[in-house]
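Note: the block below is coords.txt and it holds compact mmCIF, C-alpha atoms.
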# COMPACT_ATOMS: atom_id res chain seq x y z
CA MET A 1 17.79 -20.84 18.65
CA ALA A 2 21.18 -21.48 17.13
CA THR A 3 22.85 -18.85 15.01
CA GLN A 4 20.97 -18.06 11.84
CA VAL A 5 22.48 -16.19 8.93
CA LEU A 6 20.18 -14.15 6.75
CA VAL A 7 21.25 -12.63 3.48
CA LEU A 8 18.83 -9.89 2.52
CA VAL A 9 18.66 -9.18 -1.19
CA GLY A 10 16.98 -6.13 -2.64
CA THR A 11 16.15 -6.07 -6.32
CA GLN A 12 14.37 -3.85 -8.76
CA LYS A 13 11.29 -6.03 -8.32
CA GLY A 14 11.00 -6.92 -4.68
CA ALA A 15 13.17 -8.30 -1.91
CA PHE A 16 14.33 -11.83 -1.20
CA CYS A 17 15.95 -13.55 1.74
CA TYR A 18 18.39 -16.43 1.98
CA ARG A 19 18.62 -18.20 5.30
CA SER A 20 21.21 -20.64 6.60
CA ASP A 21 22.89 -21.73 9.81
CA ALA A 22 26.39 -20.79 10.91
CA SER A 23 27.93 -23.32 8.53
CA ARG A 24 26.51 -21.28 5.61
CA ARG A 25 26.50 -24.34 3.36
CA ASP A 26 22.81 -24.83 2.61
CA TRP A 27 20.54 -21.93 1.87
CA CYS A 28 16.80 -21.54 1.73
CA LEU A 29 15.35 -18.78 -0.45
CA THR A 30 12.15 -16.92 0.38
CA GLY A 31 10.41 -14.05 -1.37
CA PRO A 32 9.69 -12.01 -3.28
CA TYR A 33 8.52 -9.56 -0.66
CA LEU A 34 6.62 -6.51 -1.94
CA PRO A 35 7.27 -7.63 -5.52
CA GLY A 36 6.03 -4.46 -7.21
CA TRP A 37 8.51 -2.28 -5.38
CA GLU A 38 12.13 -1.48 -6.05
CA PHE A 39 14.44 -2.00 -3.04
CA TYR A 40 17.55 0.16 -2.81
CA SER A 41 18.24 -0.33 0.89
CA LEU A 42 17.67 -2.96 3.54
CA LEU A 43 18.64 -3.19 7.19
CA GLY A 44 18.10 -6.05 9.58
CA ASP A 45 18.13 -4.44 13.01
CA SER A 46 18.14 -6.59 16.16
CA ARG A 47 18.76 -3.82 18.69
CA ASN A 48 15.13 -3.60 19.77
CA GLY A 49 13.50 -6.82 18.71
CA HIS A 50 13.93 -7.97 15.13
CA ARG A 51 13.02 -5.24 12.70
CA LEU A 52 13.65 -5.27 8.99
CA PHE A 53 13.77 -1.82 7.40
CA ALA A 54 13.48 -1.29 3.66
CA GLY A 55 13.84 1.71 1.41
CA THR A 56 11.33 1.02 -1.33
CA SER A 57 10.52 3.09 -4.35
CA HIS A 58 8.43 3.05 -7.48
CA PHE A 59 8.85 5.17 -10.57
CA VAL A 60 5.22 6.28 -10.37
CA TYR A 61 4.52 6.38 -6.66
CA GLY A 62 7.87 7.58 -5.33
CA PRO A 63 9.93 6.52 -2.33
CA SER A 64 8.78 4.99 0.91
CA LEU A 65 10.30 3.56 4.05
CA ARG A 66 8.83 0.36 5.44
CA VAL A 67 9.43 -1.85 8.41
CA SER A 68 8.61 -5.50 8.99
CA GLU A 69 8.59 -7.22 12.35
CA ASP A 70 8.05 -10.69 10.92
CA PHE A 71 11.00 -10.99 8.55
CA GLY A 72 9.17 -9.60 5.54
CA GLN A 73 5.84 -11.40 5.77
CA THR A 74 4.00 -8.14 6.50
CA TRP A 75 5.14 -4.55 6.21
CA THR A 76 4.16 -1.21 7.66
CA GLU A 77 4.87 1.92 5.71
CA ILE A 78 6.33 4.59 7.97
CA GLU A 79 4.19 7.69 7.69
CA ASP A 80 6.74 10.13 9.11
CA SER A 81 9.49 8.83 6.87
CA PRO A 82 12.27 10.90 5.25
CA ARG A 83 10.82 13.74 3.23
CA TYR A 84 12.12 17.11 2.14
CA SER A 85 10.07 20.16 2.90
CA ALA A 86 8.18 21.81 0.07
CA GLU A 87 10.31 24.90 0.62
CA SER A 88 13.61 23.04 0.24
CA GLY A 89 13.28 22.68 -3.49
CA PHE A 90 14.61 19.10 -3.22
CA ALA A 91 12.72 15.96 -4.13
CA LEU A 92 13.17 12.63 -2.40
CA LYS A 93 13.53 9.96 -5.08
CA ARG A 94 15.03 6.92 -3.38
CA ILE A 95 16.38 5.78 -0.03
CA TRP A 96 19.82 4.38 -0.79
CA GLN A 97 21.06 3.44 2.63
CA ILE A 98 19.70 2.69 6.09
CA VAL A 99 22.24 2.16 8.89
CA PRO A 100 21.96 1.76 12.63
CA GLY A 101 23.32 4.50 14.84
CA HIS A 102 26.29 4.20 17.16
CA PRO A 103 25.99 1.37 19.72
CA SER A 104 25.48 4.00 22.41
CA GLN A 105 22.39 5.23 20.52
CA PRO A 106 20.19 2.15 20.17
CA GLU A 107 17.14 4.09 18.96
CA ARG A 108 19.05 6.00 16.29
CA LEU A 109 19.04 5.26 12.57
CA TYR A 110 20.42 7.12 9.59
CA ALA A 111 19.11 7.14 6.03
CA GLY A 112 20.97 8.33 2.96
CA VAL A 113 18.73 9.46 0.17
CA GLU A 114 18.48 10.73 -3.39
CA GLU A 115 18.39 13.70 -4.01
CA ALA A 116 21.40 13.62 -1.78
CA GLY A 117 20.73 14.17 1.87
CA LEU A 118 20.95 12.57 5.28
CA PHE A 119 17.99 11.85 7.53
CA VAL A 120 18.10 10.82 11.18
CA SER A 121 15.66 8.99 13.39
CA THR A 122 16.08 9.03 17.15
CA ASP A 123 12.98 6.98 17.94
CA GLY A 124 13.70 3.65 16.32
CA GLY A 125 12.62 4.69 12.85
CA ARG A 126 9.15 5.99 13.67
CA SER A 127 9.98 9.58 12.70
CA TRP A 128 12.77 11.14 10.67
CA GLN A 129 14.36 14.55 10.45
CA GLU A 130 16.68 15.90 7.81
CA SER A 131 20.27 16.66 8.86
CA ASP A 132 19.88 19.84 6.88
CA ALA A 133 23.33 21.23 7.62
CA LEU A 134 24.53 18.92 4.89
CA THR A 135 22.09 20.17 2.28
CA ARG A 136 22.89 23.73 3.37
CA HIS A 137 26.59 23.15 2.67
CA PRO A 138 28.02 25.99 0.57
CA THR A 139 28.84 23.58 -2.24
CA ARG A 140 25.25 22.30 -2.55
CA PRO A 141 24.46 24.34 -5.70
CA GLY A 142 27.28 22.43 -7.41
CA TRP A 143 26.14 18.92 -6.52
CA PHE A 144 25.73 17.20 -9.86
CA PRO A 145 24.16 13.74 -10.29
CA GLY A 146 26.15 10.79 -11.57
CA ASN A 147 24.71 7.99 -13.65
CA GLY A 148 23.03 6.46 -10.61
CA GLY A 149 21.46 9.71 -9.53
CA LEU A 150 22.41 12.29 -6.90
CA CYS A 151 22.56 9.72 -4.16
CA LEU A 152 23.99 9.66 -0.67
CA HIS A 153 24.90 5.98 -0.61
CA THR A 154 27.42 5.52 2.19
CA ILE A 155 27.16 6.41 5.88
CA LEU A 156 30.02 5.49 8.22
CA ILE A 157 30.09 6.08 11.97
CA ASP A 158 33.23 6.23 14.09
CA PRO A 159 32.90 3.39 16.63
CA GLY A 160 34.75 5.54 19.17
CA ASP A 161 32.79 8.75 18.68
CA PRO A 162 29.08 8.87 17.84
CA GLN A 163 29.42 12.49 16.74
CA ARG A 164 31.91 11.65 13.99
CA LEU A 165 30.44 10.46 10.69
CA TRP A 166 31.38 10.30 7.05
CA VAL A 167 29.01 10.24 4.09
CA GLY A 168 29.68 9.55 0.44
CA ILE A 169 27.70 11.18 -2.34
CA SER A 170 28.04 9.97 -5.90
CA ALA A 171 29.77 12.48 -8.20
CA VAL A 172 30.07 14.93 -5.28
CA GLY A 173 32.46 13.34 -2.79
CA VAL A 174 33.06 12.70 0.88
CA PHE A 175 31.88 14.85 3.77
CA ARG A 176 32.74 14.47 7.45
CA THR A 177 31.10 15.80 10.56
CA GLU A 178 32.63 15.80 14.03
CA ASP A 179 29.68 17.37 15.80
CA GLY A 180 26.88 14.96 15.03
CA GLY A 181 25.87 16.58 11.78
CA GLN A 182 25.76 20.24 12.77
CA THR A 183 28.63 21.06 10.43
CA TRP A 184 30.19 19.20 7.53
CA ARG A 185 33.47 19.58 5.70
CA THR A 186 34.55 18.16 2.37
CA CYS A 187 37.17 15.38 2.48
CA ASN A 188 38.28 14.93 -1.10
CA LYS A 189 41.97 15.80 -1.15
CA GLY A 190 43.83 13.36 -3.37
CA LEU A 191 40.75 12.22 -5.27
CA PRO A 192 40.70 13.17 -8.95
CA PRO A 193 37.81 15.38 -10.07
CA VAL A 194 35.30 14.02 -12.53
CA PRO A 195 33.83 16.37 -15.15
CA THR A 196 30.68 17.96 -13.79
CA GLY A 197 30.95 21.48 -15.18
CA GLN A 198 30.35 22.91 -11.71
CA PRO A 199 32.44 25.76 -10.25
CA TYR A 200 33.29 24.08 -6.91
CA PRO A 201 36.80 22.61 -7.06
CA GLU A 202 36.51 20.93 -3.65
CA ILE A 203 33.72 18.59 -4.86
CA GLY A 204 32.99 16.72 -8.09
CA ARG A 205 34.52 13.48 -6.80
CA CYS A 206 32.65 10.35 -7.78
CA VAL A 207 32.87 8.13 -4.74
CA HIS A 208 31.18 4.80 -5.39
CA LYS A 209 31.49 3.14 -1.98
CA MET A 210 33.49 3.54 1.20
CA ALA A 211 34.39 1.26 4.09
CA LEU A 212 35.80 2.01 7.51
CA ASP A 213 38.68 -0.03 8.89
CA PRO A 214 37.40 -2.10 11.83
CA CYS A 215 40.47 -1.39 13.98
CA ASP A 216 41.33 2.20 13.13
CA ALA A 217 38.67 4.86 12.67
CA ASN A 218 41.13 7.09 10.86
CA THR A 219 41.59 4.52 8.11
CA LEU A 220 39.01 4.45 5.34
CA TYR A 221 38.91 2.69 2.00
CA MET A 222 37.12 3.75 -1.15
CA GLN A 223 36.09 2.38 -4.50
CA PHE A 224 36.09 5.47 -6.67
CA HIS A 225 34.71 6.02 -10.16
CA GLY A 226 38.18 5.31 -11.52
CA GLY A 227 40.43 4.36 -8.66
CA VAL A 228 40.71 2.55 -5.36
CA PHE A 229 41.87 4.75 -2.50
CA LYS A 230 42.84 4.69 1.15
CA SER A 231 42.98 7.37 3.79
CA THR A 232 44.86 7.09 7.07
CA ASP A 233 43.91 10.50 8.39
CA GLY A 234 40.16 10.27 8.74
CA ALA A 235 39.57 11.15 5.06
CA ASP A 236 41.58 14.36 5.17
CA SER A 237 43.57 12.94 2.26
CA TRP A 238 43.47 9.91 -0.01
CA THR A 239 46.10 7.86 -1.84
CA ALA A 240 45.64 5.23 -4.53
CA ILE A 241 45.91 1.53 -3.62
CA GLU A 242 45.61 -0.37 -6.89
CA THR A 243 48.61 -2.71 -7.12
CA GLY A 244 47.45 -6.01 -8.56
CA LEU A 245 44.00 -4.94 -9.68
CA PRO A 246 43.06 -5.61 -13.32
CA GLY A 247 41.30 -2.25 -13.46
CA ASN A 248 40.37 0.51 -11.10
CA PHE A 249 36.70 0.95 -11.95
CA GLY A 250 34.04 -0.73 -9.88
CA PHE A 251 31.32 -0.17 -7.35
CA PRO A 252 31.25 -2.23 -4.14
CA MET A 253 33.94 -2.38 -1.49
CA VAL A 254 33.69 -4.25 1.79
CA VAL A 255 35.97 -4.93 4.71
CA THR A 256 35.78 -7.82 7.16
CA ALA A 257 36.17 -7.59 10.92
CA SER A 258 39.76 -8.72 10.47
CA GLY A 259 40.47 -5.86 8.06
CA HIS A 260 40.53 -7.81 4.82
CA LEU A 261 39.31 -5.83 1.82
CA TYR A 262 37.27 -6.98 -1.16
CA VAL A 263 36.34 -5.34 -4.45
CA ILE A 264 34.94 -6.53 -7.78
CA PRO A 265 36.64 -4.61 -10.61
CA LEU A 266 34.70 -3.78 -13.75
CA ILE A 267 36.26 -2.96 -17.06
CA SER A 268 35.42 0.77 -17.31
CA ASP A 269 32.75 3.36 -16.84
CA GLU A 270 31.79 2.96 -20.48
CA GLN A 271 31.15 -0.79 -20.28
CA ARG A 272 30.44 -1.51 -16.62
CA PHE A 273 30.82 -5.26 -16.64
CA VAL A 274 33.66 -7.53 -15.60
CA LYS A 275 36.80 -7.62 -17.72
CA ASP A 276 36.87 -10.36 -20.38
CA GLY A 277 33.69 -11.81 -18.91
CA LYS A 278 35.62 -13.11 -15.87
CA LEU A 279 33.64 -12.57 -12.71
CA ARG A 280 36.29 -12.31 -10.00
CA VAL A 281 36.56 -10.97 -6.48
CA TYR A 282 39.83 -9.32 -5.51
CA GLU A 283 41.14 -9.27 -1.96
CA SER A 284 43.76 -7.34 -0.10
CA LEU A 285 45.06 -8.82 3.12
CA ASN A 286 47.53 -6.01 3.81
CA GLY A 287 45.43 -2.89 3.98
CA GLY A 288 45.39 -2.25 0.27
CA GLN A 289 49.12 -2.53 -0.45
CA SER A 290 48.40 -5.29 -2.96
CA TRP A 291 45.45 -7.14 -4.42
CA GLN A 292 44.89 -10.57 -5.88
CA ALA A 293 41.99 -12.54 -7.26
CA VAL A 294 40.63 -14.89 -4.67
CA GLY A 295 38.77 -18.12 -4.59
CA THR A 296 37.28 -20.91 -6.66
CA GLY A 297 33.73 -21.54 -7.67
CA LEU A 298 32.93 -18.39 -9.61
CA PRO A 299 31.84 -18.88 -13.24
CA GLU A 300 34.52 -19.98 -15.69
CA GLN A 301 32.41 -19.29 -18.77
CA ALA A 302 31.91 -15.81 -20.22
CA HIS A 303 29.89 -13.90 -17.69
CA PHE A 304 29.37 -10.29 -18.62
CA VAL A 305 27.69 -8.95 -15.51
CA GLY A 306 28.15 -6.02 -13.18
CA VAL A 307 27.83 -5.68 -9.42
CA LEU A 308 26.25 -2.51 -8.05
CA ARG A 309 27.68 -0.43 -5.20
CA ASP A 310 25.52 -1.82 -2.41
CA SER A 311 25.35 -5.38 -3.69
CA MET A 312 28.25 -6.84 -1.72
CA ALA A 313 28.27 -7.62 1.99
CA VAL A 314 30.19 -9.39 4.70
CA ASP A 315 28.91 -11.10 7.80
CA SER A 316 30.35 -10.93 11.30
CA LEU A 317 31.10 -14.63 11.75
CA GLU A 318 34.55 -16.20 11.87
CA PRO A 319 35.73 -16.76 9.21
CA ALA A 320 33.76 -13.98 7.58
CA GLY A 321 31.16 -14.78 4.98
CA LEU A 322 31.13 -12.80 1.75
CA TYR A 323 28.12 -12.29 -0.46
CA PHE A 324 27.39 -10.42 -3.64
CA GLY A 325 24.58 -10.10 -6.16
CA THR A 326 24.89 -9.29 -9.84
CA THR A 327 23.00 -7.15 -12.27
CA MET A 328 21.75 -10.42 -13.76
CA GLY A 329 20.15 -11.49 -10.51
CA GLU A 330 22.63 -14.10 -9.30
CA VAL A 331 23.79 -14.33 -5.69
CA TYR A 332 27.19 -15.78 -4.79
CA ALA A 333 28.32 -16.66 -1.29
CA SER A 334 31.52 -17.69 0.41
CA ALA A 335 31.70 -18.93 3.99
CA ASP A 336 35.49 -18.64 4.17
CA GLU A 337 36.44 -15.09 3.21
CA GLY A 338 36.27 -15.76 -0.50
CA LEU A 339 38.33 -18.95 -0.76
CA HIS A 340 35.38 -20.99 -2.01
CA TRP A 341 32.27 -19.62 -3.69
CA GLN A 342 28.89 -21.11 -4.37
CA ARG A 343 26.03 -19.71 -6.35
CA LEU A 344 22.94 -19.57 -4.19
CA PRO A 345 19.69 -20.99 -5.59
CA GLY A 346 17.43 -18.94 -7.81
CA GLN A 347 17.62 -16.35 -10.54
CA LEU A 348 16.41 -13.03 -9.19
CA PRO A 349 15.69 -9.65 -10.77
CA ARG A 350 18.51 -7.10 -11.06
CA ILE A 351 20.12 -6.90 -7.62
CA THR A 352 20.47 -3.49 -6.03
CA THR A 353 21.46 -4.26 -2.45
CA VAL A 354 22.77 -7.18 -0.39
CA LYS A 355 22.96 -7.11 3.41
CA THR A 356 23.60 -9.69 6.09
CA TRP A 357 21.70 -10.18 9.32
CA ILE A 358 22.91 -12.53 12.05
CA LEU A 359 20.27 -13.79 14.47
CA GLU A 360 21.61 -15.06 17.77
CA ASP A 361 18.49 -15.62 19.84
CA MET B 1 -22.96 11.85 -1.06
CA LEU B 2 -20.66 8.87 -1.53
CA LEU B 3 -17.96 8.79 -4.17
CA GLU B 4 -16.77 5.37 -5.34
CA VAL B 5 -12.98 5.16 -5.20
CA THR B 6 -10.63 2.58 -6.68
CA VAL B 7 -6.88 2.45 -6.03
CA PRO B 8 -4.15 0.24 -7.52
CA THR B 9 -3.24 -2.90 -5.60
CA LEU B 10 0.26 -1.51 -5.05
CA LEU B 11 -1.24 1.22 -2.89
CA GLU B 12 -3.68 -0.86 -0.87
CA ASN B 13 -1.45 -0.59 2.19
CA CYS B 14 -2.26 3.12 2.16
CA THR B 15 -6.01 2.49 2.30
CA GLN B 16 -6.23 -0.18 4.99
CA GLY B 17 -6.02 -2.99 2.46
CA GLN B 18 -8.91 -1.74 0.35
CA THR B 19 -8.78 -1.23 -3.40
CA ALA B 20 -12.44 -0.24 -3.81
CA PHE B 21 -14.38 1.76 -1.25
CA THR B 22 -16.47 4.89 -0.90
CA ILE B 23 -15.64 8.29 0.51
CA GLN B 24 -18.00 11.02 1.65
CA GLY B 25 -18.13 14.43 0.03
CA ALA B 26 -20.63 16.93 -1.34
CA THR B 27 -18.24 17.91 -4.12
CA LEU B 28 -15.30 16.30 -5.86
CA GLN B 29 -12.91 18.67 -4.06
CA GLU B 30 -14.45 17.86 -0.70
CA ALA B 31 -14.32 14.12 -1.35
CA LEU B 32 -10.72 14.34 -2.53
CA ASP B 33 -9.74 16.29 0.57
CA HIS B 34 -11.55 13.77 2.72
CA LEU B 35 -9.79 10.89 0.94
CA LEU B 36 -6.33 12.33 1.58
CA GLU B 37 -7.11 13.24 5.17
CA THR B 38 -8.45 9.76 5.85
CA TYR B 39 -5.50 8.05 4.19
CA PRO B 40 -2.44 10.31 4.62
CA LEU B 41 -0.04 7.72 3.20
CA LEU B 42 -1.99 7.94 -0.04
CA ARG B 43 -1.07 11.62 -0.31
CA ARG B 44 2.61 10.67 -0.10
CA ARG B 45 2.25 8.21 -2.93
CA LEU B 46 0.23 10.48 -5.22
CA TYR B 47 1.78 13.91 -4.64
CA GLU B 48 5.32 15.27 -4.65
CA GLU B 49 6.77 17.38 -1.83
CA THR B 50 5.61 20.50 -3.62
CA GLY B 51 2.00 19.35 -3.64
CA ARG B 52 2.10 18.65 -7.35
CA LEU B 53 0.56 15.40 -8.56
CA ARG B 54 3.31 12.91 -9.45
CA PRO B 55 3.84 12.95 -13.22
CA HIS B 56 2.67 9.38 -13.87
CA VAL B 57 -0.32 9.43 -11.55
CA LEU B 58 -3.72 9.98 -13.13
CA LEU B 59 -6.87 10.70 -11.16
CA PHE B 60 -10.00 10.07 -13.19
CA PHE B 61 -13.33 11.50 -12.13
CA ASN B 62 -15.66 9.23 -14.05
CA ASP B 63 -14.04 9.35 -17.50
CA ALA B 64 -12.19 12.66 -17.18
CA SER B 65 -8.71 13.25 -15.83
CA ILE B 66 -9.13 15.80 -13.07
CA ALA B 67 -6.03 17.55 -14.40
CA ARG B 68 -8.24 18.58 -17.33
CA LEU B 69 -11.08 19.85 -15.20
CA GLU B 70 -11.36 23.59 -14.82
CA CYS B 71 -12.58 23.24 -11.27
CA LEU B 72 -13.08 20.46 -8.74
CA ASP B 73 -16.12 22.07 -7.17
CA LEU B 74 -18.40 19.57 -8.87
CA PRO B 75 -21.32 18.05 -6.98
CA ILE B 76 -21.07 14.33 -6.39
CA GLN B 77 -23.91 12.39 -8.00
CA PRO B 78 -24.92 8.79 -7.26
CA GLY B 79 -22.60 6.44 -9.12
CA ASP B 80 -19.73 8.91 -9.56
CA ARG B 81 -16.32 7.28 -9.51
CA LEU B 82 -12.76 8.37 -8.73
CA GLN B 83 -10.09 6.09 -10.13
CA ILE B 84 -6.42 6.32 -9.26
CA VAL B 85 -4.53 5.06 -12.29
CA GLN B 86 -0.89 4.68 -13.23
CA ALA B 87 -0.26 6.38 -16.58
CA VAL B 88 0.91 4.03 -19.28
CA SER B 89 4.65 3.76 -18.84
CA GLY B 90 5.80 0.94 -21.07
CA GLY B 91 8.31 0.98 -23.85
Please render this file's structure as structure tokens.
Amino acid sequence: MATQVLVLVGTQKGAFCYRSDASRRDWCLTGPYLPGWEFYSLLGDSRNGHRLFAGTSHFVYGPSLRVSEDFGQTWTEIEDSPRYSAESGFALKRIWQIVPGHPSQPERLYAGVEEAGLFVSTDGGRSWQESDALTRHPTRPGWFPGNGGLCLHTILIDPGDPQRLWVGISAVGVFRTEDGGQTWRTCNKGLPPVPTGQPYPEIGRCVHKMALDPCDANTLYMQFHGGVFKSTDGADSWTAIETGLPGNFGFPMVVTASGHLYVIPLISDEQRFVKDGKLRVYESLNGGQSWQAVGTGLPEQAHFVGVLRDSMAVDSLEPAGLYFGTTMGEVYASADEGLHWQRLPGQLPRITTVKTWILED
Amino acid sequence: MLLEVTVPTLLENCTQGQTAFTIQGATLQEALDHLLETYPLLRRRLYEETGRLRPHVLLFFNDASIARLECLDLPIQPGDRLQIVQAVSGG
């Protein structure tokens, strides 16, 4: 089989899948899959066969973790899925992120959840355990939910050290472990506090999304609640990188294998759509020193949409493909790192997550 | 005695694809316990971590919400029904 490119799209009413070949010109849409369920996370995992994981939720029936081994045609709900103990006092509301473990740990998966916490599977997703050192962190009583909920939405793993991870929690901040999750430290120096009314000065930082530089595991990038930041010391400290951006509010941030950065600025936290109705992707080709709008093919007419934190993705092909979904259910794709954009077919429900999956069988 | 059970289509994956079936039990409590033991995923969908029924889940024993019943130690009679219903949640 030649290379196939799948773009997995989670929405508030089911999941969808776009499929193309390596040219990424023509796309076929399938779905909805599980149309009554809200999808906040998706992962196409080809480490042990082809398994599609989904964090599904429903406002009545709560969160669930499901896996499909036939690209979404049928699903199995995982019985021993992430779940807080009754004694913890925490409630699991959504699964915001599912990521594969370090390449040296092919059976490992991580899940970031709301209320904020990290769960780990070491058996390919069949069973999950809470990394409870994080929820036992001394600052936990001061974790205060942002507008999206108290969600752990970003999990980054050091490619050179499987014990070293970062997580991002909305309205709380960044935490890092260097011992595989046994201990965690806050990593918020340089990030401005947001008002939470909580007496923990080291937290209260509203990280929206983070990305790890592909060449340097001490360099991280962040779209903050009001700011775009970079760290070159493993998140010990952060500095603003906003030159050329029309605004510093936004949600998604992605980085390609070549280190190019992409964000989609929104006008402000009060309005949360693109400035002047101009839907534009901004790129930085120099590690965040400067930004510029990139590409043709995005709407020229007034287009007052937003893009949520997990609704932008890159693929691993050369040149990298970029994809994002809007709050109005549109999916845009570029096969050339944002130089040319096309709207993919279909009008979907509100898009909550976009992921890519390359099949190389 | 057999209790007739109906579940919403959204939850049929929890009950082996069934939305209407019977469950054995001498009393409502016994049948409910049997239901949740037989279909453990159903417990996850209906109850919170604390064991409390999710706020928008209603369990009707015939025409009465079991949340309103003083006790679940009620003998099952022929034709008794247990319905799992989503509480009205529109605008």
Contacts of Leu82 of chain B within 10 Å, all atoms listed in the file, excl. fewer than 6 positions in-chain, as a PDB file with C-alpha atoms, keeping the file's coordinate frame:
ATOM      1  CA  LEU B   3     -17.960   8.790  -4.170  1.00  0.00           C
ATOM      2  CA  GLU B   4     -16.770   5.370  -5.340  1.00  0.00           C
ATOM      3  CA  VAL B   5     -12.980   5.160  -5.200  1.00  0.00           C
ATOM      4  CA  THR B   6     -10.630   2.580  -6.680  1.00  0.00           C
ATOM      5  CA  VAL B   7      -6.880   2.450  -6.030  1.00  0.00           C
ATOM      6  CA  ALA B  20     -12.440  -0.240  -3.810  1.00  0.00           C
ATOM      7  CA  THR B  22     -16.470   4.890  -0.900  1.00  0.00           C
ATOM      8  CA  ILE B  23     -15.640   8.290   0.510  1.00  0.00           C
ATOM      9  CA  LEU B  28     -15.300  16.300  -5.860  1.00  0.00           C
ATOM     10  CA  ALA B  31     -14.320  14.120  -1.350  1.00  0.00           C
ATOM     11  CA  LEU B  32     -10.720  14.340  -2.530  1.00  0.00           C
ATOM     12  CA  LEU B  59      -6.870  10.700 -11.160  1.00  0.00           C
ATOM     13  CA  PHE B  60     -10.000  10.070 -13.190  1.00  0.00           C
ATOM     14  CA  PHE B  61     -13.330  11.500 -12.130  1.00  0.00           C
ATOM     15  CA  ASN B  62     -15.660   9.230 -14.050  1.00  0.00           C
ATOM     16  CA  ASP B  63     -14.040   9.350 -17.500  1.00  0.00           C
ATOM     17  CA  ALA B  64     -12.190  12.660 -17.180  1.00  0.00           C
ATOM     18  CA  SER B  65      -8.710  13.250 -15.830  1.00  0.00           C
ATOM     19  CA  ILE B  66      -9.130  15.800 -13.070  1.00  0.00           C
TER      20      ILE B  66
END
Could you give me, as a tab-separated table, every chain A residue with an atom at most 10 Å from chain B, plus its closest atom pair and distance in Å to one decimal, counting all atoms listed in the file, rows ordered by chain then number?
residue	atom	partner	partner_atom	distance
A:Leu34	CA	B:Leu10	CA	8.7
A:Pro35	CA	B:Leu10	CA	9.3
A:Gly36	CA	B:Leu10	CA	6.8
A:Trp37	CA	B:Leu10	CA	8.3
A:Ser57	CA	B:Arg45	CA	9.8
A:His58	CA	B:Arg45	CA	9.2
A:Phe59	CA	B:His56	CA	8.2
A:Val60	CA	B:His56	CA	5.3
A:Tyr61	CA	B:Arg45	CA	4.7
A:Gly62	CA	B:Arg45	CA	6.1
A:Pro63	CA	B:Arg45	CA	7.9
A:Ser64	CA	B:Arg45	CA	8.2
A:Trp75	CA	B:Asn13	CA	8.7
A:Thr76	CA	B:Asn13	CA	7.9
A:Glu77	CA	B:Asn13	CA	7.7
A:Ile78	CA	B:Leu41	CA	8.6
A:Glu79	CA	B:Leu41	CA	6.2
A:Asp80	CA	B:Leu41	CA	9.3
A:Ser81	CA	B:Arg44	CA	10.0
A:Arg83	CA	B:Glu49	CA	7.4
A:Tyr84	CA	B:Glu49	CA	6.7
A:Ser85	CA	B:Glu49	CA	6.4
A:Ala86	CA	B:Thr50	CA	4.7
A:Glu87	CA	B:Thr50	CA	7.7
A:Ser88	CA	B:Glu49	CA	9.1
A:Gly89	CA	B:Thr50	CA	8.0
A:Phe90	CA	B:Glu49	CA	8.1
A:Ala91	CA	B:Glu49	CA	6.5
A:Leu92	CA	B:Glu49	CA	8.0
A:Lys93	CA	B:Glu48	CA	9.8
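Between atom CA of Ser290 of chain A and atom CA of Lys230 of chain A lies a distance of 12.1 Å.
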*asked:* The residues within 10 Å of (33.4, -13.0, 4.5), using only C-alpha atoms and the coordinates of the file, should be reported as a ChimeraX atom specification; which are they?
replied: /A:254-258,260-262,313-323,333-339
_For atom CA of Thr353 of chain A and atom CA of Asp310 of chain A, the interatomic separation in Å (one decimal)_ =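 Atom CA of Asp310 of chain A lies at a distance of 4.7 Å from atom CA of Thr353 of chain A.
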_Separation of atom CA of Pro32 of chain A from atom CA of Lys209 of chain A, in Å and rounded to one decimal_ =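 Interatomic distance here is 26.6 Å.
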Padding of 3 Å on every side, edges along x, y and z, all listed atoms of segment 137-156 of chain A included: what centre and edge lengths in Å, to one decimal, does that box have, as AutoDock Vina command-line options?
--center_x 25.7 --center_y 15.7 --center_z -2.7 --size_x 14.6 --size_y 26.5 --size_z 27.9
Segment 317-322 of chain A from the block above: N, CA and C atoms written as a PDB file, in the first residue's frame:
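Output file part.pdb follows:
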ATOM      1  N   LEU A 317       5.156  14.357   6.676  1.00  0.00           N
ATOM      2  CA  LEU A 317       5.688  14.249   5.313  1.00  0.00           C
ATOM      3  C   LEU A 317       6.554  15.472   4.994  1.00  0.00           C
ATOM      4  N   GLU A 318       7.172  15.420   3.835  1.00  0.00           N
ATOM      5  CA  GLU A 318       8.044  16.509   3.383  1.00  0.00           C
ATOM      6  C   GLU A 318       7.559  16.991   2.017  1.00  0.00           C
ATOM      7  N   PRO A 319       7.136  18.247   1.853  1.00  0.00           N
ATOM      8  CA  PRO A 319       6.996  19.242   2.912  1.00  0.00           C
ATOM      9  C   PRO A 319       5.833  18.891   3.831  1.00  0.00           C
ATOM     10  N   ALA A 320       5.851  19.469   5.013  1.00  0.00           N
ATOM     11  CA  ALA A 320       4.837  19.118   6.008  1.00  0.00           C
ATOM     12  C   ALA A 320       3.461  19.600   5.574  1.00  0.00           C
ATOM     13  N   GLY A 321       2.471  18.791   5.869  1.00  0.00           N
ATOM     14  CA  GLY A 321       1.088  19.213   5.692  1.00  0.00           C
ATOM     15  C   GLY A 321       0.590  19.866   6.963  1.00  0.00           C
ATOM     16  N   LEU A 322      -0.249  20.878   6.791  1.00  0.00           N
ATOM     17  CA  LEU A 322      -0.875  21.568   7.917  1.00  0.00           C
ATOM     18  C   LEU A 322      -2.375  21.449   7.779  1.00  0.00           C
TER      19      LEU A 322
END
